[in-house]
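Worksheet for the structure shown next.
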Amino acid sequence: MILAQTFSVGRTYRSVNALHDVSLSVAAGELVGLLGPNGAGKTTLLNLLTGVRRPTSGRVELFGGDPTRAENRRRIGVTPQETGLPATLRVGECVDLVAAHFPDPLPRGELLERFGLADLARRQTGGLSGGQRRRLAVALAFVGRPRLVFLDEPTTGLDVSARHALWEGIRAFHGDGGTVLLTSHYLEEIEALAQRVVVLGEGRVLADDTVDAIRSRVGVRRVSLRATDLPALAGVLHESHVDGRTDLLTTDADQLVRDLVAKGVAFNDLEVRPTSLEEAFLTLTATAA
Amino acid sequence: MSLALTNARYHLVETVRIPIALIGTVFFPAASMLFFVVPFAGHDPVGATYATASMVCFAVMTSSLFTYGVGVSEDRGQPWDPYLRTLPAGPGPRFAGRILAGLAMTFFSLLPVVLIAALLTEATATPLELALAVVAVILVALPFTLMGLAIGYALPMKAALAVAQVLFFPLAFLGGLLSAPGHAPGWVEAVSPYVPTRGAVELIWTSVGDFTPSRTALGMLAVWTVVAGALAVWAYRRDEGRRFS
């Protein structure tokens, strides 16, 4: 059963193309990671799926209907950005306000307990730490006993133990049959949670595949060395020169180094480093274009 | 309906927790009473009553234009607002909640005006007249609320603030709020039936005194209400939160 779906959806802001011809579907029980650099269109896509914005072209369906209609949003949960929580409201009040919108919300105590916020019910959100605010934001997605949750950067700003606790919560929800669409900057987070990954770049779907398949595409390394004369090398995605060094981006650093040695290239000061996810995406987008 | 009340309650809770904002709302109408009505019209029962009624109208207009115009615009700039739009409720309860909260704030800001009028001037009103005045205030608040909502949903915060500021003074002056009934300059009297403030203040004058409102002014007030309502709905529909070009 398909819970959320876009059909060749496009969205422009003034003259900027935020999304272009995106077709995507999320079936019941899936845990889908939405991955991409800043400005790739992740938030726009979530806004279209949750009915906050309308597409400029194409069509969006949520539980078989138009997401801008309130009744089609009854079975979803969404995280607000933690910077946007009303600073003067108390934690418990935020939960109550959201709960008032749903027919059968989780009891407040149970929800706060589950997200480790029970002691903070009386605190104003403006006085919470960044991590506490993030936990509250994620908790709000679960108030209405959703079947499908949209988690936008759920663990940004959390320390490692809080992040792992939240991952456990998301896995438990998924284990009980819940469906999750989650965005993240962190490849590690997507790897830990998702089964399927959708990669967005410059408003397009660059890849939609299993985690393993995507990892092999995104697992780009930077091989950096000093050499006066480089022959043509297989598997180099991108080559740049900085301060007398040559930087080569490749998905298979081992093979590249073997090739360098086998071809007898005179090089020194070799370094192999993982690239940031964003660099990898920029590279992939550049090669795709 | 209960969702509208819930929304209204949280609007008020948020306002009350920043007490200085309350003082701002209450200070302006009260200060205007003290500076303009008490010294000039305080000793004449009829004049003081009409002048107080004008001040009430002025307070309703400014509080509506600013609470809704600037408040809505500011909220739209916060990420919390698009989040609330993902909850399973249409715009109705949030609109209604905001209007209820705004009305409560308006009445709160009118309390000192009425107290000053009762204690420091010769203005008089019977309990029936006061009750009629409450009804008149609710009617009068409607077009200005809709105007405020139109501004708030159409414009970013700084622009909304400027437009509300540019609007309220000419509206007050042209509507004859700054003078006793029939005593504004001739050209103002000629224009004033066509601005919404005139019909508004005449309704309040009628509720507390021996005043017969002009049909033109009341008719135009109705027209303005419909126009402001249409603009508010249009602005709400095209709004999708803050936009960047």
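Residues are named by chain letter and number: chains run A, B, ... in the order of the structure tokens, numbers start at 1 in each chain, and ligands are numbered from 1 in the order shown.
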
Please report as a PDB file with C-alpha atoms, in the first residue's frame which residues of chain B come no farther than 7 Å from chain A, using only C-alpha atoms.
ATOM      1  CA  LEU B   3      -9.839  23.681  18.565  1.00  0.00           C
ATOM      2  CA  GLU B  14       2.104  33.468  24.540  1.00  0.00           C
ATOM      3  CA  ARG B  17       4.127  35.617  29.095  1.00  0.00           C
ATOM      4  CA  GLN B  78       8.669  31.508  12.175  1.00  0.00           C
ATOM      5  CA  PRO B  79       9.155  27.825  11.313  1.00  0.00           C
ATOM      6  CA  TRP B  80       6.432  26.957  13.861  1.00  0.00           C
ATOM      7  CA  PRO B  82       4.440  25.957   8.588  1.00  0.00           C
ATOM      8  CA  TYR B  83       4.628  23.147  11.155  1.00  0.00           C
ATOM      9  CA  ARG B  85      -0.042  23.799   8.790  1.00  0.00           C
ATOM     10  CA  THR B  86       0.994  20.128   8.664  1.00  0.00           C
ATOM     11  CA  LEU B  87      -1.446  19.289  11.493  1.00  0.00           C
ATOM     12  CA  PRO B  88      -4.799  17.853  10.428  1.00  0.00           C
ATOM     13  CA  ALA B  89      -6.876  21.012  10.712  1.00  0.00           C
ATOM     14  CA  GLY B  90      -7.926  23.507   8.080  1.00  0.00           C
ATOM     15  CA  GLU B 240       2.638  29.456   1.878  1.00  0.00           C
ATOM     16  CA  SER B 245      13.118  35.423  -4.162  1.00  0.00           C
TER      17      SER B 245
END

Do you know which residues are at most 9 Å from Val72 (chain B) counting only C-alpha atoms, after dropping those on the same chain fewer than 4 positions away, and could you put them as an mmCIF file with all heavy atoms, in the first residue's frame?
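Writing done, so here's around-v3.cif:
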data_model
loop_
_atom_site.group_PDB
_atom_site.id
_atom_site.type_symbol
_atom_site.label_atom_id
_atom_site.label_comp_id
_atom_site.auth_asym_id
_atom_site.auth_seq_id
_atom_site.Cartn_x
_atom_site.Cartn_y
_atom_site.Cartn_z
ATOM 1 N N THR B 67 -2.211 44.031 15.884
ATOM 2 C CA THR B 67 -2.175 42.654 16.391
ATOM 3 C C THR B 67 -2.182 41.664 15.238
ATOM 4 O O THR B 67 -1.382 40.730 15.203
ATOM 5 C CB THR B 67 -3.400 42.352 17.269
ATOM 6 O OG1 THR B 67 -3.593 43.442 18.135
ATOM 7 C CG2 THR B 67 -3.215 41.082 18.046
ATOM 8 N N TYR B 68 -3.115 41.872 14.301
ATOM 9 C CA TYR B 68 -3.238 40.893 13.224
ATOM 10 C C TYR B 68 -2.198 41.130 12.146
ATOM 11 O O TYR B 68 -1.553 40.206 11.690
ATOM 12 C CB TYR B 68 -4.649 40.922 12.639
ATOM 13 C CG TYR B 68 -5.694 40.631 13.675
ATOM 14 C CD1 TYR B 68 -6.613 41.597 14.046
ATOM 15 C CD2 TYR B 68 -5.736 39.397 14.306
ATOM 16 C CE1 TYR B 68 -7.563 41.341 15.008
ATOM 17 C CE2 TYR B 68 -6.681 39.132 15.274
ATOM 18 C CZ TYR B 68 -7.601 40.108 15.626
ATOM 19 O OH TYR B 68 -8.518 39.851 16.586
ATOM 20 N N ARG B 76 4.220 34.120 10.530
ATOM 21 C CA ARG B 76 4.495 33.446 9.255
ATOM 22 C C ARG B 76 5.981 33.294 9.014
ATOM 23 O O ARG B 76 6.411 32.405 8.291
ATOM 24 C CB ARG B 76 3.872 34.236 8.099
ATOM 25 C CG ARG B 76 2.389 34.009 7.952
ATOM 26 C CD ARG B 76 1.911 34.527 6.623
ATOM 27 N NE ARG B 76 2.427 35.863 6.362
ATOM 28 C CZ ARG B 76 3.067 36.193 5.258
ATOM 29 N NH1 ARG B 76 3.281 35.311 4.327
ATOM 30 N NH2 ARG B 76 3.505 37.423 5.095
ATOM 31 N N GLY B 77 6.763 34.211 9.601
ATOM 32 C CA GLY B 77 8.205 34.138 9.430
ATOM 33 C C GLY B 77 8.860 33.062 10.283
ATOM 34 O O GLY B 77 9.996 32.696 10.075
ATOM 35 N N ARG B 98 -7.263 32.976 16.443
ATOM 36 C CA ARG B 98 -6.532 34.235 16.415
ATOM 37 C C ARG B 98 -7.480 35.414 16.623
ATOM 38 O O ARG B 98 -7.175 36.359 17.348
ATOM 39 C CB ARG B 98 -5.817 34.360 15.073
ATOM 40 C CG ARG B 98 -4.824 35.463 15.019
ATOM 41 C CD ARG B 98 -4.158 35.469 13.671
ATOM 42 N NE ARG B 98 -3.013 34.596 13.583
ATOM 43 C CZ ARG B 98 -1.852 34.854 14.174
ATOM 44 N NH1 ARG B 98 -1.718 35.916 14.938
ATOM 45 N NH2 ARG B 98 -0.848 34.036 14.043
ATOM 46 N N GLY B 148 -6.352 43.736 8.952
ATOM 47 C CA GLY B 148 -5.088 43.325 9.570
ATOM 48 C C GLY B 148 -4.641 41.970 9.046
ATOM 49 O O GLY B 148 -3.472 41.769 8.705
ATOM 50 N N LEU B 149 -5.586 41.027 8.951
ATOM 51 C CA LEU B 149 -5.242 39.686 8.459
ATOM 52 C C LEU B 149 -4.751 39.752 7.022
ATOM 53 O O LEU B 149 -3.786 39.070 6.645
ATOM 54 C CB LEU B 149 -6.465 38.761 8.551
ATOM 55 C CG LEU B 149 -6.899 38.358 9.969
ATOM 56 C CD1 LEU B 149 -8.224 37.595 9.920
ATOM 57 C CD2 LEU B 149 -5.841 37.505 10.646
ATOM 58 N N ILE B 151 -3.247 42.247 5.570
ATOM 59 C CA ILE B 151 -1.885 42.798 5.602
ATOM 60 C C ILE B 151 -0.909 41.718 6.082
ATOM 61 O O ILE B 151 0.145 41.491 5.481
ATOM 62 C CB ILE B 151 -1.817 44.022 6.542
ATOM 63 C CG1 ILE B 151 -2.626 45.170 5.966
ATOM 64 C CG2 ILE B 151 -0.371 44.441 6.788
ATOM 65 C CD1 ILE B 151 -2.819 46.318 6.944
ATOM 66 N N GLY B 152 -1.283 41.044 7.160
ATOM 67 C CA GLY B 152 -0.397 40.066 7.768
ATOM 68 C C GLY B 152 -0.077 38.906 6.841
ATOM 69 O O GLY B 152 1.048 38.418 6.813
ATOM 70 N N TYR B 153 -1.089 38.450 6.099
ATOM 71 C CA TYR B 153 -0.848 37.298 5.230
ATOM 72 C C TYR B 153 -0.232 37.699 3.897
ATOM 73 O O TYR B 153 0.334 36.871 3.201
ATOM 74 C CB TYR B 153 -2.145 36.513 4.985
ATOM 75 C CG TYR B 153 -2.477 35.598 6.133
ATOM 76 C CD1 TYR B 153 -3.521 35.864 6.995
ATOM 77 C CD2 TYR B 153 -1.694 34.474 6.384
ATOM 78 C CE1 TYR B 153 -3.803 35.039 8.068
ATOM 79 C CE2 TYR B 153 -1.958 33.635 7.443
ATOM 80 C CZ TYR B 153 -3.018 33.924 8.292
ATOM 81 O OH TYR B 153 -3.276 33.103 9.342
ATOM 82 N N MET B 157 7.080 40.925 7.584
ATOM 83 C CA MET B 157 6.871 41.651 8.831
ATOM 84 C C MET B 157 7.147 43.136 8.743
ATOM 85 O O MET B 157 6.324 43.956 9.129
ATOM 86 C CB MET B 157 7.744 41.012 9.915
ATOM 87 C CG MET B 157 7.052 40.904 11.240
ATOM 88 S SD MET B 157 7.343 42.231 12.372
ATOM 89 C CE MET B 157 8.912 41.846 13.057
#

Quiz prompt | Exercise: region 175-183 of chain B partners within 6 Å, only C-alpha atoms, chain neighbours under 6 positions left out, as a list of chain:residue names | solution =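 Result of the neighbour search: B:Ser54, B:Ser192, B:Thr197, B:Arg198.
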
Output of the above residues as a CSV table (one decimal), in the first residue's frame, restricted to N, CA, C and O atoms:
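Wrote out12.csv, looks like this:
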chain,number,residue,atom,x,y,z
B,54,SER,N,-14.9,57.8,20.4
B,54,SER,CA,-14.0,57.9,19.3
B,54,SER,C,-12.7,57.2,19.7
B,54,SER,O,-12.0,56.5,18.9
B,192,SER,N,-15.3,61.7,4.7
B,192,SER,CA,-15.3,60.7,5.8
B,192,SER,C,-16.4,59.6,5.7
B,192,SER,O,-16.1,58.5,6.1
B,197,THR,N,-13.5,53.9,8.9
B,197,THR,CA,-13.5,54.4,10.3
B,197,THR,C,-14.8,55.2,10.6
B,197,THR,O,-15.2,55.3,11.8
B,198,ARG,N,-15.4,55.9,9.6
B,198,ARG,CA,-16.5,56.7,9.9
B,198,ARG,C,-17.7,55.9,10.3
B,198,ARG,O,-18.3,56.1,11.4

Quiz prompt | Near-Val140 (chain B) list (9 Å; only C-alpha atoms; drop same-chain fewer than 3 positions) as a PyMOL selection string | solution = chain B and resi 57+60-61+135-137+143-145+197+199-201+203-204+221

Quiz item: If you run DSSP on the backbone, which residues of region 51-266 of chain A are strand (DSSP E), as a ChimeraX atom specification?
Solution: /A:57-62,76-78,148-152,179-184,196-201,204-210,221-227,236-242,245-250

Include C-alpha atoms and write out the residues we just selected as a short mmCIF file (atom, residue, chain, number, x, y, z; two decimals), in the first residue's frame.
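That gives us part-v6.cif:
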data_model
loop_
_atom_site.label_atom_id
_atom_site.label_comp_id
_atom_site.auth_asym_id
_atom_site.auth_seq_id
_atom_site.Cartn_x
_atom_site.Cartn_y
_atom_site.Cartn_z
CA SER A 57 3.61 21.12 -11.71
CA GLY A 58 2.74 17.46 -11.23
CA ARG A 59 0.68 15.97 -8.43
CA VAL A 60 1.16 14.86 -4.81
CA GLU A 61 -0.86 12.19 -3.00
CA LEU A 62 -0.94 11.46 0.71
CA ILE A 76 1.01 11.66 9.55
CA GLY A 77 3.46 13.15 12.02
CA VAL A 78 5.95 15.90 11.20
CA LEU A 148 3.76 7.79 8.52
CA VAL A 149 6.27 10.20 10.05
CA PHE A 150 8.38 12.80 8.27
CA LEU A 151 11.56 13.43 10.25
CA ASP A 152 13.55 16.40 8.98
CA THR A 179 6.52 4.12 8.03
CA VAL A 180 9.31 6.70 8.10
CA LEU A 181 10.64 9.24 5.64
CA LEU A 182 13.73 10.85 7.10
CA THR A 183 16.13 13.47 5.83
CA SER A 184 19.66 13.79 7.00
CA ARG A 196 16.05 2.54 0.96
CA VAL A 197 17.77 5.80 0.08
CA VAL A 198 16.64 8.55 -2.23
CA VAL A 199 19.41 10.95 -3.22
CA LEU A 200 18.37 14.43 -4.24
CA GLY A 201 20.66 16.89 -5.99
CA ARG A 204 16.27 16.03 -9.07
CA VAL A 205 16.31 12.43 -7.92
CA LEU A 206 19.89 11.30 -8.59
CA ALA A 207 19.42 7.83 -7.17
CA ASP A 208 16.70 5.76 -5.53
CA ASP A 209 18.06 2.44 -4.35
CA THR A 210 19.04 0.24 -1.43
CA ARG A 221 37.51 9.15 -1.50
CA ARG A 222 39.97 11.92 -2.05
CA VAL A 223 43.43 10.79 -3.13
CA SER A 224 45.83 13.67 -2.71
CA LEU A 225 49.46 13.66 -3.87
CA ARG A 226 52.28 15.69 -5.38
CA ALA A 227 53.25 14.71 -8.89
CA VAL A 236 38.75 9.51 -11.44
CA LEU A 237 35.55 11.48 -10.94
CA HIS A 238 37.15 14.84 -10.49
CA GLU A 239 40.64 16.33 -10.56
CA SER A 240 41.75 19.58 -8.94
CA HIS A 241 45.04 21.31 -8.17
CA VAL A 242 45.64 23.22 -4.95
CA ARG A 245 48.99 19.19 -4.79
CA THR A 246 46.74 17.21 -7.04
CA ASP A 247 43.42 16.03 -5.59
CA LEU A 248 41.68 13.12 -7.26
CA LEU A 249 38.16 12.04 -6.28
CA THR A 250 37.40 8.37 -6.83
#

Quiz prompt | Residues within 8 Å of Ile2 (chain A), only C-alpha atoms, excluding chain neighbours under 5 positions, as a list in words | solution = Ser25, Val26, Ala27, Ala28, Phe63 and Gly64 of chain A

Just to be explicit: take each residue in the selection above, keep N, CA and C atoms, and write the result as a compact mmCIF listing (two decimals), in the first residue's frame.
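Done, and the output landed in again_32.txt:
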# COMPACT_ATOMS: atom_id res chain seq x y z
N SER A 25 7.63 7.22 -4.46
CA SER A 25 6.52 6.71 -3.67
C SER A 25 7.06 6.04 -2.42
N VAL A 26 6.30 6.14 -1.34
CA VAL A 26 6.67 5.54 -0.07
C VAL A 26 5.57 4.56 0.31
N ALA A 27 5.94 3.29 0.44
CA ALA A 27 4.95 2.26 0.75
C ALA A 27 4.89 2.03 2.25
N ALA A 28 3.76 1.49 2.71
CA ALA A 28 3.58 1.21 4.13
C ALA A 28 4.69 0.31 4.62
N PHE A 63 -1.93 9.40 1.53
CA PHE A 63 -3.03 8.48 1.85
C PHE A 63 -4.12 8.57 0.77
N GLY A 64 -3.67 8.60 -0.49
CA GLY A 64 -4.59 8.57 -1.62
C GLY A 64 -5.29 9.88 -1.91

If you take only C-alpha atoms and a cut-off of 9 Å, which residues of region 148-214 of chain A touch region 113-128 of chain A, and what are their nearest atom pairs and distances in Å to one decimal, in chain and number order, as a Markdown table?
| residue | atom | partner | partner_atom | distance |
| --- | --- | --- | --- | --- |
| A:Ala165 | CA | A:Phe115 | CA | 8.7 |
| A:Leu166 | CA | A:Phe115 | CA | 7.8 |
| A:Gly169 | CA | A:Arg114 | CA | 8.1 |

Quiz item: When DSSP works through the backbone of this structure, what residues of region 38-247 of chain A end up as helix (DSSP H, G or I), shown as a ChimeraX atom specification?
Solution: /A:42-49,70-73,82-84,91-99,108-114,118-120,125-127,130-140,160-175,187-193,211-218

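The interatomic distance for the pair CA of Arg9 (chain B) and CA of Pro91 (chain B) works out to 16.5 Å.
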
Self-check item: Distance criterion (only C-alpha atoms): nearest to Ala228 (chain B) out of B:Ala150, B:Val114, B:Val134, B:Ala48
Solution: B:Ala150
